[in-house]
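Asker: One structure is given below, represented as structure tokens, and several questions about it will come after.
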Amino acid sequence: MNYALVAEQFFNGFQLGIILFLMAAGLTLIFGIMDLVNLAHGTLYMFGAFFAATVADLTGSFTWAILLAIPMAMVAGIILEVLVLRTLYVRNHLDQVLATFGLIIFFNELFLVVFGAGGLAIRLPPELQGTTGLGGGVTVPIYRLFIIAMGLVVAIGLYFLVVKTRIGMLIRAGASNREMVGALGIDIKLLYTAVFGLGAALAGFAGMIVAPITQAQSGMGEDVLILAFVVIVIGGIGSIRGAFLASIIVGVIDTMGRSFIDVALLAVMPANAADTAGPAISSMLIYLLMAAILAFKPQGLFPPRGI
């Protein structure tokens, strides 16, 4: 067995897990506190990617692209919440699903018209290009290390915000009993807007940092949104800790499965059959895990206890 290859794929899975965490953290806060099924969360991911690509094209700076695109994604999320999503809080989940699915179609077509089918690329600065060795023959791209580092910084900052600050206390209280929070004089609408803006910034940041790898493209948020929903079901709806750990689990399982299941199947079936069955089985793994979690622990691996 090529242990260096296994280590590299594990590293890639960990990096995917970081991206999923940035998506799932905002999604689980929005659903856990606001009880809003927001299928348009992937659209916020797309917003971030296109905002960063546009700023990078105008300024020629990757740093400015990230620094300016984060507040832009937050403002876009707040505007979307105030103008559209706020009216859905009193509606049932089916209405929320239909309305936010409509937003997906609208914004995908809008971005397709404005930016074209080719999308926008972001060129990395020289210091983030190339690869580096981690020892033992393991070589990884420098930019993927950057993604992991930034994701861990955001995860620590988010944990501190939710656990150690007054805003975090209100977020946790709103998740536990929103009626009581409102009765104590807290502006629930303002709290909801702040939480949605935070979730939009996290999703947008995920789109920004992945855009140099995949490009900013119309419809890029759908696949990652599905994985983010799987993550919050496995981790526990409303739990930041659960979102982080479940994201890493899902990222590693998905990447390792796609890399090695077809190879393992060669031992028991012909090559053409293994090439066909491998991708199908690997794509099923995380959903089988989710089904098992729902069967034995319906609240998720780490149901929220304050976060």
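By order of appearance in the structure tokens: chains A, B, ..., then residues from 1 within every chain, and ligands from 1 in the order shown.
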Could you pull out the helix (DSSP H, G or I) residues of segment 2-185 of chain A from DSSP and send them as a CSV table (one decimal) with N, CA and C atoms, in the first residue's frame?
Answerer:
```csv
chain,number,residue,atom,x,y,z
A,3,TYR,N,1.5,4.4,1.4
A,3,TYR,CA,1.0,5.1,2.6
A,3,TYR,C,1.1,6.6,2.4
A,4,ALA,N,2.0,7.1,1.5
A,4,ALA,CA,2.1,8.5,1.2
A,4,ALA,C,0.8,9.0,0.5
A,5,LEU,N,0.3,8.1,-0.4
A,5,LEU,CA,-0.9,8.5,-1.1
A,5,LEU,C,-2.1,8.5,-0.2
A,6,VAL,N,-2.2,7.5,0.7
A,6,VAL,CA,-3.3,7.5,1.7
A,6,VAL,C,-3.2,8.7,2.6
A,7,ALA,N,-2.0,9.1,3.0
A,7,ALA,CA,-1.9,10.3,3.8
A,7,ALA,C,-2.3,11.6,3.1
A,8,GLU,N,-1.9,11.6,1.8
A,8,GLU,CA,-2.3,12.8,1.0
A,8,GLU,C,-3.8,12.9,0.8
A,9,GLN,N,-4.5,11.7,0.6
A,9,GLN,CA,-5.9,11.8,0.4
A,9,GLN,C,-6.6,12.1,1.7
A,10,PHE,N,-6.1,11.6,2.8
A,10,PHE,CA,-6.6,11.9,4.1
A,10,PHE,C,-6.6,13.4,4.3
A,11,PHE,N,-5.4,14.0,3.9
A,11,PHE,CA,-5.2,15.5,4.1
A,11,PHE,C,-6.3,16.2,3.2
A,12,ASN,N,-6.5,15.7,2.0
A,12,ASN,CA,-7.5,16.3,1.1
A,12,ASN,C,-8.9,16.2,1.7
A,13,GLY,N,-9.2,15.1,2.3
A,13,GLY,CA,-10.5,14.9,3.0
A,13,GLY,C,-10.6,15.9,4.2
A,14,PHE,N,-9.5,16.1,4.9
A,14,PHE,CA,-9.6,17.0,6.0
A,14,PHE,C,-9.9,18.5,5.5
A,15,GLN,N,-9.2,18.8,4.4
A,15,GLN,CA,-9.5,20.1,3.8
A,15,GLN,C,-10.9,20.3,3.3
A,16,LEU,N,-11.5,19.2,2.7
A,16,LEU,CA,-12.9,19.2,2.3
A,16,LEU,C,-13.8,19.4,3.6
A,17,GLY,N,-13.4,18.7,4.7
A,17,GLY,CA,-14.1,18.9,5.9
A,17,GLY,C,-14.2,20.3,6.4
A,18,ILE,N,-13.1,21.0,6.3
A,18,ILE,CA,-13.0,22.4,6.7
A,18,ILE,C,-14.0,23.3,5.9
A,19,ILE,N,-14.0,23.1,4.6
A,19,ILE,CA,-15.0,23.8,3.7
A,19,ILE,C,-16.4,23.4,4.2
A,20,LEU,N,-16.7,22.2,4.4
A,20,LEU,CA,-18.0,21.8,4.8
A,20,LEU,C,-18.4,22.4,6.2
A,21,PHE,N,-17.4,22.5,7.1
A,21,PHE,CA,-17.7,23.1,8.4
A,21,PHE,C,-18.1,24.6,8.2
A,22,LEU,N,-17.4,25.3,7.4
A,22,LEU,CA,-17.8,26.7,7.1
A,22,LEU,C,-19.2,26.8,6.6
A,23,MET,N,-19.6,25.9,5.8
A,23,MET,CA,-21.0,25.9,5.3
A,23,MET,C,-21.9,25.5,6.4
A,24,ALA,N,-21.6,24.4,7.0
A,24,ALA,CA,-22.5,23.7,8.0
A,24,ALA,C,-22.7,24.6,9.2
A,25,ALA,N,-21.7,25.3,9.6
A,25,ALA,CA,-21.8,26.1,10.9
A,25,ALA,C,-22.9,27.1,10.7
A,26,GLY,N,-22.8,27.9,9.6
A,26,GLY,CA,-23.9,28.9,9.4
A,26,GLY,C,-25.3,28.2,9.2
A,27,LEU,N,-25.3,27.1,8.5
A,27,LEU,CA,-26.6,26.5,8.2
A,27,LEU,C,-27.2,25.9,9.5
A,28,THR,N,-26.4,25.4,10.4
A,28,THR,CA,-26.9,24.8,11.6
A,28,THR,C,-27.4,25.9,12.6
A,29,LEU,N,-26.7,27.0,12.6
A,29,LEU,CA,-27.1,28.1,13.4
A,29,LEU,C,-28.5,28.7,12.9
A,30,ILE,N,-28.6,28.9,11.6
A,30,ILE,CA,-29.8,29.4,11.1
A,30,ILE,C,-31.0,28.5,11.3
A,31,PHE,N,-30.8,27.2,11.1
A,31,PHE,CA,-31.9,26.2,11.3
A,31,PHE,C,-32.1,26.0,12.8
A,32,GLY,N,-31.1,25.9,13.6
A,32,GLY,CA,-31.3,25.7,15.0
A,32,GLY,C,-31.9,26.8,15.7
A,33,ILE,N,-31.6,28.0,15.3
A,33,ILE,CA,-32.2,29.2,16.0
A,33,ILE,C,-33.4,29.7,15.4
A,34,MET,N,-33.4,29.8,14.1
A,34,MET,CA,-34.5,30.5,13.3
A,34,MET,C,-35.6,29.5,12.8
A,41,HIS,N,-28.8,28.6,1.1
A,41,HIS,CA,-27.5,28.8,1.7
A,41,HIS,C,-26.3,28.5,0.8
A,42,GLY,N,-26.5,27.6,-0.2
A,42,GLY,CA,-25.5,27.4,-1.2
A,42,GLY,C,-25.3,28.6,-2.1
A,43,THR,N,-26.4,29.4,-2.3
A,43,THR,CA,-26.3,30.6,-3.1
A,43,THR,C,-25.4,31.6,-2.4
A,44,LEU,N,-25.4,31.7,-1.1
A,44,LEU,CA,-24.5,32.5,-0.3
A,44,LEU,C,-23.0,32.1,-0.5
A,45,TYR,N,-22.8,30.8,-0.6
A,45,TYR,CA,-21.5,30.3,-0.9
A,45,TYR,C,-21.1,30.8,-2.3
A,46,MET,N,-22.0,30.7,-3.3
A,46,MET,CA,-21.7,31.2,-4.6
A,46,MET,C,-21.5,32.7,-4.6
A,47,PHE,N,-22.3,33.5,-3.8
A,47,PHE,CA,-22.0,34.9,-3.7
A,47,PHE,C,-20.6,35.2,-3.3
A,48,GLY,N,-20.1,34.5,-2.3
A,48,GLY,CA,-18.8,34.8,-1.8
A,48,GLY,C,-17.7,34.5,-2.8
A,49,ALA,N,-17.9,33.4,-3.6
A,49,ALA,CA,-16.9,33.1,-4.7
A,49,ALA,C,-16.9,34.2,-5.7
A,50,PHE,N,-18.1,34.6,-6.2
A,50,PHE,CA,-18.1,35.7,-7.2
A,50,PHE,C,-17.7,37.0,-6.7
A,51,PHE,N,-18.0,37.4,-5.5
A,51,PHE,CA,-17.6,38.6,-4.9
A,51,PHE,C,-16.0,38.7,-4.9
A,52,ALA,N,-15.4,37.6,-4.4
A,52,ALA,CA,-14.0,37.5,-4.3
A,52,ALA,C,-13.3,37.6,-5.6
A,53,ALA,N,-13.9,36.8,-6.6
A,53,ALA,CA,-13.3,36.8,-7.9
A,53,ALA,C,-13.4,38.2,-8.6
A,54,THR,N,-14.5,38.9,-8.4
A,54,THR,CA,-14.7,40.2,-9.0
A,54,THR,C,-13.7,41.2,-8.4
A,55,VAL,N,-13.6,41.2,-7.0
A,55,VAL,CA,-12.7,42.1,-6.4
A,55,VAL,C,-11.2,41.8,-6.8
A,56,ALA,N,-10.9,40.5,-6.8
A,56,ALA,CA,-9.5,40.1,-7.3
A,56,ALA,C,-9.2,40.6,-8.7
A,57,ASP,N,-10.2,40.6,-9.5
A,57,ASP,CA,-10.1,41.0,-10.9
A,57,ASP,C,-9.9,42.5,-11.0
A,58,LEU,N,-10.6,43.3,-10.1
A,58,LEU,CA,-10.5,44.7,-10.1
A,58,LEU,C,-9.2,45.2,-9.4
A,59,THR,N,-8.8,44.6,-8.4
A,59,THR,CA,-7.7,45.1,-7.6
A,59,THR,C,-6.4,44.3,-7.9
A,62,PHE,N,-5.3,39.1,-4.1
A,62,PHE,CA,-6.0,38.1,-3.4
A,62,PHE,C,-6.4,38.5,-2.0
A,63,THR,N,-5.5,39.2,-1.3
A,63,THR,CA,-5.8,39.6,0.1
A,63,THR,C,-7.0,40.5,0.1
A,64,TRP,N,-7.0,41.5,-0.7
A,64,TRP,CA,-8.1,42.5,-0.8
A,64,TRP,C,-9.4,41.8,-1.2
A,65,ALA,N,-9.3,40.8,-2.1
A,65,ALA,CA,-10.5,40.0,-2.5
A,65,ALA,C,-11.2,39.4,-1.3
A,66,ILE,N,-10.4,38.8,-0.4
A,66,ILE,CA,-10.9,38.1,0.8
A,66,ILE,C,-11.5,39.1,1.8
A,67,LEU,N,-10.7,40.2,2.1
A,67,LEU,CA,-11.0,41.1,3.1
A,67,LEU,C,-12.3,41.9,2.7
A,68,LEU,N,-12.5,42.2,1.4
A,68,LEU,CA,-13.6,43.0,1.0
A,68,LEU,C,-14.8,42.1,0.7
A,69,ALA,N,-14.6,40.9,0.3
A,69,ALA,CA,-15.7,40.0,-0.1
A,69,ALA,C,-16.4,39.5,1.1
A,70,ILE,N,-15.8,39.3,2.3
A,70,ILE,CA,-16.4,38.8,3.5
A,70,ILE,C,-17.6,39.7,3.9
A,71,PRO,N,-17.3,41.1,4.1
A,71,PRO,CA,-18.4,41.9,4.5
A,71,PRO,C,-19.5,42.0,3.4
A,72,MET,N,-19.0,41.9,2.1
A,72,MET,CA,-20.0,42.0,1.0
A,72,MET,C,-20.9,40.8,1.1
A,73,ALA,N,-20.4,39.6,1.4
A,73,ALA,CA,-21.3,38.4,1.5
A,73,ALA,C,-22.2,38.6,2.7
A,74,MET,N,-21.7,39.2,3.8
A,74,MET,CA,-22.6,39.4,5.0
A,74,MET,C,-23.7,40.3,4.7
A,75,VAL,N,-23.4,41.4,4.0
A,75,VAL,CA,-24.4,42.4,3.6
A,75,VAL,C,-25.4,41.8,2.7
A,76,ALA,N,-25.0,41.0,1.7
A,76,ALA,CA,-25.9,40.4,0.8
A,76,ALA,C,-26.8,39.4,1.5
A,77,GLY,N,-26.3,38.7,2.5
A,77,GLY,CA,-27.1,37.8,3.3
A,77,GLY,C,-28.2,38.6,4.1
A,78,ILE,N,-27.8,39.7,4.7
A,78,ILE,CA,-28.7,40.5,5.5
A,78,ILE,C,-29.8,41.0,4.6
A,79,ILE,N,-29.4,41.6,3.4
A,79,ILE,CA,-30.4,42.1,2.5
A,79,ILE,C,-31.4,41.0,2.1
A,80,LEU,N,-30.9,39.8,1.8
A,80,LEU,CA,-31.8,38.7,1.4
A,80,LEU,C,-32.7,38.3,2.6
A,81,GLU,N,-32.2,38.3,3.8
A,81,GLU,CA,-33.0,38.0,5.0
A,81,GLU,C,-34.1,39.0,5.2
A,82,VAL,N,-33.8,40.3,5.1
A,82,VAL,CA,-34.7,41.3,5.4
A,82,VAL,C,-35.8,41.4,4.3
A,83,LEU,N,-35.4,41.3,3.1
A,83,LEU,CA,-36.4,41.5,2.0
A,83,LEU,C,-37.2,40.2,1.7
A,85,LEU,N,-36.5,36.4,3.2
A,85,LEU,CA,-36.6,35.3,4.1
A,85,LEU,C,-37.4,35.6,5.4
A,86,ARG,N,-37.4,36.9,5.8
A,86,ARG,CA,-38.1,37.2,7.1
A,86,ARG,C,-39.5,36.9,7.0
A,87,THR,N,-40.1,36.9,5.8
A,87,THR,CA,-41.5,36.6,5.7
A,87,THR,C,-41.8,35.1,5.8
A,88,LEU,N,-40.8,34.3,5.8
A,88,LEU,CA,-41.0,32.8,5.8
A,88,LEU,C,-40.9,32.2,7.2
A,93,HIS,N,-42.3,24.4,6.9
A,93,HIS,CA,-41.1,24.1,6.3
A,93,HIS,C,-41.2,23.8,4.8
A,94,LEU,N,-42.3,23.3,4.3
A,94,LEU,CA,-42.6,23.1,2.9
A,94,LEU,C,-42.5,24.5,2.2
A,95,ASP,N,-43.2,25.5,2.7
A,95,ASP,CA,-43.1,26.8,2.1
A,95,ASP,C,-41.7,27.3,2.1
A,96,GLN,N,-41.0,27.1,3.1
A,96,GLN,CA,-39.6,27.6,3.2
A,96,GLN,C,-38.7,26.9,2.1
A,97,VAL,N,-38.9,25.6,2.0
A,97,VAL,CA,-38.2,24.8,1.0
A,97,VAL,C,-38.5,25.3,-0.4
A,98,LEU,N,-39.8,25.5,-0.7
A,98,LEU,CA,-40.2,26.0,-2.1
A,98,LEU,C,-39.6,27.4,-2.4
A,99,ALA,N,-39.7,28.3,-1.4
A,99,ALA,CA,-39.3,29.7,-1.6
A,99,ALA,C,-37.8,29.7,-1.8
A,100,THR,N,-37.1,29.1,-0.9
A,100,THR,CA,-35.6,29.1,-1.0
A,100,THR,C,-35.1,28.4,-2.3
A,101,PHE,N,-35.8,27.3,-2.7
A,101,PHE,CA,-35.4,26.7,-3.9
A,101,PHE,C,-35.6,27.6,-5.1
A,102,GLY,N,-36.7,28.4,-5.0
A,102,GLY,CA,-36.9,29.4,-6.1
A,102,GLY,C,-35.7,30.4,-6.1
A,103,LEU,N,-35.2,30.8,-5.0
A,103,LEU,CA,-34.1,31.7,-4.9
A,103,LEU,C,-32.8,31.1,-5.6
A,104,ILE,N,-32.6,29.8,-5.4
A,104,ILE,CA,-31.5,29.1,-6.0
A,104,ILE,C,-31.6,29.2,-7.5
A,105,ILE,N,-32.8,28.9,-8.1
A,105,ILE,CA,-33.0,29.0,-9.5
A,105,ILE,C,-32.8,30.4,-10.0
A,106,PHE,N,-33.3,31.4,-9.3
A,106,PHE,CA,-33.2,32.8,-9.7
A,106,PHE,C,-31.8,33.3,-9.8
A,107,PHE,N,-31.0,33.0,-8.7
A,107,PHE,CA,-29.7,33.5,-8.6
A,107,PHE,C,-28.7,32.8,-9.5
A,108,ASN,N,-29.0,31.5,-9.7
A,108,ASN,CA,-28.1,30.7,-10.6
A,108,ASN,C,-28.3,31.3,-12.1
A,109,GLU,N,-29.5,31.6,-12.5
A,109,GLU,CA,-29.7,32.1,-13.8
A,109,GLU,C,-29.2,33.5,-13.9
A,110,LEU,N,-29.3,34.3,-12.8
A,110,LEU,CA,-28.8,35.7,-12.9
A,110,LEU,C,-27.3,35.7,-13.0
A,111,PHE,N,-26.6,34.9,-12.2
A,111,PHE,CA,-25.2,34.8,-12.3
A,111,PHE,C,-24.7,34.2,-13.7
A,112,LEU,N,-25.5,33.3,-14.2
A,112,LEU,CA,-25.1,32.8,-15.5
A,112,LEU,C,-25.2,33.8,-16.6
A,113,VAL,N,-26.2,34.7,-16.5
A,113,VAL,CA,-26.4,35.8,-17.5
A,113,VAL,C,-25.3,36.8,-17.3
A,114,VAL,N,-25.0,37.2,-16.1
A,114,VAL,CA,-24.0,38.3,-15.8
A,114,VAL,C,-22.6,37.8,-16.1
A,115,PHE,N,-22.2,36.6,-15.6
A,115,PHE,CA,-20.8,36.2,-15.7
A,115,PHE,C,-20.5,35.2,-16.7
A,126,PRO,N,2.0,34.3,-5.6
A,126,PRO,CA,3.1,33.3,-5.7
A,126,PRO,C,3.3,32.5,-4.4
A,127,GLU,N,3.2,33.1,-3.2
A,127,GLU,CA,3.5,32.5,-2.0
A,127,GLU,C,2.5,31.4,-1.6
A,128,LEU,N,1.3,31.3,-2.3
A,128,LEU,CA,0.4,30.3,-2.0
A,128,LEU,C,0.3,29.2,-3.1
A,142,ILE,N,0.4,24.0,-1.1
A,142,ILE,CA,0.5,25.0,0.0
A,142,ILE,C,-0.9,25.7,0.2
A,143,TYR,N,-1.6,25.9,-0.9
A,143,TYR,CA,-2.9,26.6,-0.7
A,143,TYR,C,-3.9,25.7,0.1
A,144,ARG,N,-3.8,24.4,0.0
A,144,ARG,CA,-4.7,23.6,0.8
A,144,ARG,C,-4.3,23.7,2.3
A,145,LEU,N,-3.0,23.8,2.6
A,145,LEU,CA,-2.6,24.1,4.0
A,145,LEU,C,-3.2,25.4,4.5
A,146,PHE,N,-3.2,26.4,3.6
A,146,PHE,CA,-3.8,27.7,3.9
A,146,PHE,C,-5.3,27.6,4.2
A,147,ILE,N,-6.0,26.8,3.4
A,147,ILE,CA,-7.4,26.6,3.7
A,147,ILE,C,-7.7,26.0,5.0
A,148,ILE,N,-6.9,25.0,5.4
A,148,ILE,CA,-7.1,24.4,6.7
A,148,ILE,C,-6.8,25.3,7.8
A,149,ALA,N,-5.7,26.1,7.7
A,149,ALA,CA,-5.3,27.1,8.7
A,149,ALA,C,-6.4,28.1,8.9
A,150,MET,N,-6.9,28.7,7.8
A,150,MET,CA,-7.9,29.7,7.9
A,150,MET,C,-9.2,29.1,8.5
A,151,GLY,N,-9.6,27.9,8.1
A,151,GLY,CA,-10.8,27.2,8.6
A,151,GLY,C,-10.7,27.0,10.1
A,152,LEU,N,-9.5,26.6,10.6
A,152,LEU,CA,-9.3,26.3,12.0
A,152,LEU,C,-9.4,27.6,12.8
A,153,VAL,N,-8.8,28.7,12.2
A,153,VAL,CA,-8.9,30.0,12.9
A,153,VAL,C,-10.4,30.5,13.0
A,154,VAL,N,-11.1,30.3,11.9
A,154,VAL,CA,-12.5,30.7,11.9
A,154,VAL,C,-13.3,29.8,12.9
A,155,ALA,N,-13.0,28.5,13.0
A,155,ALA,CA,-13.7,27.6,13.9
A,155,ALA,C,-13.4,28.0,15.4
A,156,ILE,N,-12.2,28.4,15.7
A,156,ILE,CA,-11.8,28.8,17.1
A,156,ILE,C,-12.5,30.1,17.4
A,157,GLY,N,-12.5,31.1,16.4
A,157,GLY,CA,-13.2,32.3,16.6
A,157,GLY,C,-14.7,32.2,16.8
A,158,LEU,N,-15.3,31.3,16.0
A,158,LEU,CA,-16.7,31.1,16.1
A,158,LEU,C,-17.1,30.5,17.5
A,159,TYR,N,-16.3,29.5,17.9
A,159,TYR,CA,-16.5,28.9,19.2
A,159,TYR,C,-16.4,30.0,20.3
A,160,PHE,N,-15.4,30.8,20.2
A,160,PHE,CA,-15.2,31.9,21.2
A,160,PHE,C,-16.4,32.8,21.2
A,161,LEU,N,-16.9,33.2,20.0
A,161,LEU,CA,-18.0,34.1,19.9
A,161,LEU,C,-19.3,33.5,20.5
A,162,VAL,N,-19.5,32.2,20.2
A,162,VAL,CA,-20.8,31.6,20.7
A,162,VAL,C,-20.7,31.3,22.2
A,163,VAL,N,-19.5,31.0,22.7
A,163,VAL,CA,-19.4,30.5,24.1
A,163,VAL,C,-19.1,31.7,25.1
A,164,LYS,N,-18.3,32.6,24.6
A,164,LYS,CA,-17.7,33.6,25.6
A,164,LYS,C,-18.2,35.0,25.5
A,166,ARG,N,-21.5,38.0,24.9
A,166,ARG,CA,-22.9,38.3,25.1
A,166,ARG,C,-23.7,37.9,23.9
A,167,ILE,N,-23.2,38.3,22.7
A,167,ILE,CA,-24.0,37.9,21.5
A,167,ILE,C,-24.1,36.4,21.4
A,168,GLY,N,-23.1,35.6,21.8
A,168,GLY,CA,-23.2,34.2,21.8
A,168,GLY,C,-24.2,33.7,22.8
A,169,MET,N,-24.2,34.4,24.0
A,169,MET,CA,-25.2,34.0,25.0
A,169,MET,C,-26.6,34.1,24.4
A,170,LEU,N,-26.9,35.2,23.7
A,170,LEU,CA,-28.2,35.4,23.1
A,170,LEU,C,-28.5,34.4,22.0
A,171,ILE,N,-27.4,34.1,21.2
A,171,ILE,CA,-27.6,33.0,20.2
A,171,ILE,C,-28.0,31.7,20.8
A,172,ARG,N,-27.3,31.3,21.9
A,172,ARG,CA,-27.6,30.1,22.6
A,172,ARG,C,-29.0,30.1,23.2
A,173,ALA,N,-29.3,31.2,23.8
A,173,ALA,CA,-30.6,31.4,24.4
A,173,ALA,C,-31.7,31.3,23.4
A,174,GLY,N,-31.5,31.9,22.2
A,174,GLY,CA,-32.5,31.9,21.2
A,174,GLY,C,-32.7,30.5,20.6
A,175,ALA,N,-31.6,29.7,20.6
A,175,ALA,CA,-31.7,28.3,20.2
A,175,ALA,C,-32.5,27.5,21.2
A,176,SER,N,-32.4,27.8,22.4
A,176,SER,CA,-33.1,27.0,23.5
A,176,SER,C,-34.5,27.4,23.6
A,178,ARG,N,-36.7,30.7,22.1
A,178,ARG,CA,-36.8,32.0,21.5
A,178,ARG,C,-38.0,32.8,22.1
A,179,GLU,N,-39.1,32.2,22.6
A,179,GLU,CA,-40.2,32.9,23.1
A,179,GLU,C,-39.7,33.6,24.4
A,180,MET,N,-39.0,32.9,25.3
A,180,MET,CA,-38.5,33.5,26.5
A,180,MET,C,-37.5,34.7,26.2
A,181,VAL,N,-36.7,34.5,25.2
A,181,VAL,CA,-35.7,35.6,24.9
A,181,VAL,C,-36.5,36.8,24.4
A,182,GLY,N,-37.6,36.6,23.7
A,182,GLY,CA,-38.4,37.8,23.2
A,182,GLY,C,-39.1,38.4,24.4
A,183,ALA,N,-39.6,37.6,25.4
A,183,ALA,CA,-40.2,38.1,26.6
A,183,ALA,C,-39.3,38.9,27.4
```
Asker: If we count only C-alpha atoms and set the cut-off at 7 Å, which residues sit around segment 274-285 of chain A, ignoring sequence neighbours fewer than 2 positions away in its own chain? Please answer as a list of chain:residue names.
Answerer: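 Once the nearby chain positions are removed, what remains is A:Asp254, A:Gly257, A:Arg258, A:Ile261, A:Asp262, A:Leu265, A:Leu266, A:Met269, A:Pro270, A:Ala271, A:Asn272, A:Tyr287, A:Leu288, A:Leu289.
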Asker: Residues of segment 41-258 of chain A in strand (DSSP E or B) according to DSSP, as a ChimeraX atom specification?
Answerer: /A:120,131-135,138-141,216
Asker: Work out how far apart atom CA of Ile234 of chain A and atom CA of Val84 of chain A are and give it in Å to one decimal.
Answerer: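 Atom CA of Val84 of chain A lies at a distance of 29.0 Å from atom CA of Ile234 of chain A.
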Asker: Mind checking which residues fall within 8 Å of Gln299 of chain A, counting only C-alpha atoms, ignoring those fewer than 2 positions away in the same chain, and posting them as a compact mmCIF listing (two decimals) with C-alpha atoms, in the first residue's frame?
Answerer:
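Okay, this is what ended up in result-v6.txt:
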```txt
# COMPACT_ATOMS: atom_id res chain seq x y z
CA VAL A 233 -27.84 15.81 10.60
CA GLY A 236 -26.64 17.46 15.58
CA ILE A 237 -28.77 20.40 14.44
CA LEU A 294 -30.62 8.68 12.41
CA LYS A 297 -29.03 8.52 17.57
CA LEU A 301 -23.67 12.53 17.45
CA PHE A 302 -23.31 15.76 19.42
CA PRO A 303 -26.75 17.25 20.17
```
Asker: State, in Å with one decimal place, the distance from atom CA of Met220 of chain A to atom CA of Ile249 of chain A.
Answerer: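 Spanning atom CA of Met220 of chain A to atom CA of Ile249 of chain A is a straight-line distance of 22.1 Å.
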Asker: Have a look at A:Val90, A:Leu124, A:Val231, A:Ile188 and name the one nearest to Val250 of chain A; count only C-alpha atoms.
Answerer: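 Looking only at the distances to Val250 of chain A, the closest residue turns out to be A:Val231.
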Asker: Provide the atom CA of Gly60 of chain A to atom CA of Ala121 of chain A distance in Å, to one decimal place.
Answerer: 12.0 Å
Asker: Find the residue from A:Val224, A:Val268, A:Val37, A:Ile209 that sits nearest to Tyr89 of chain A; use only C-alpha atoms when measuring.
Answerer: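 Answer, going by the shortest atom-to-atom distance: A:Val37.
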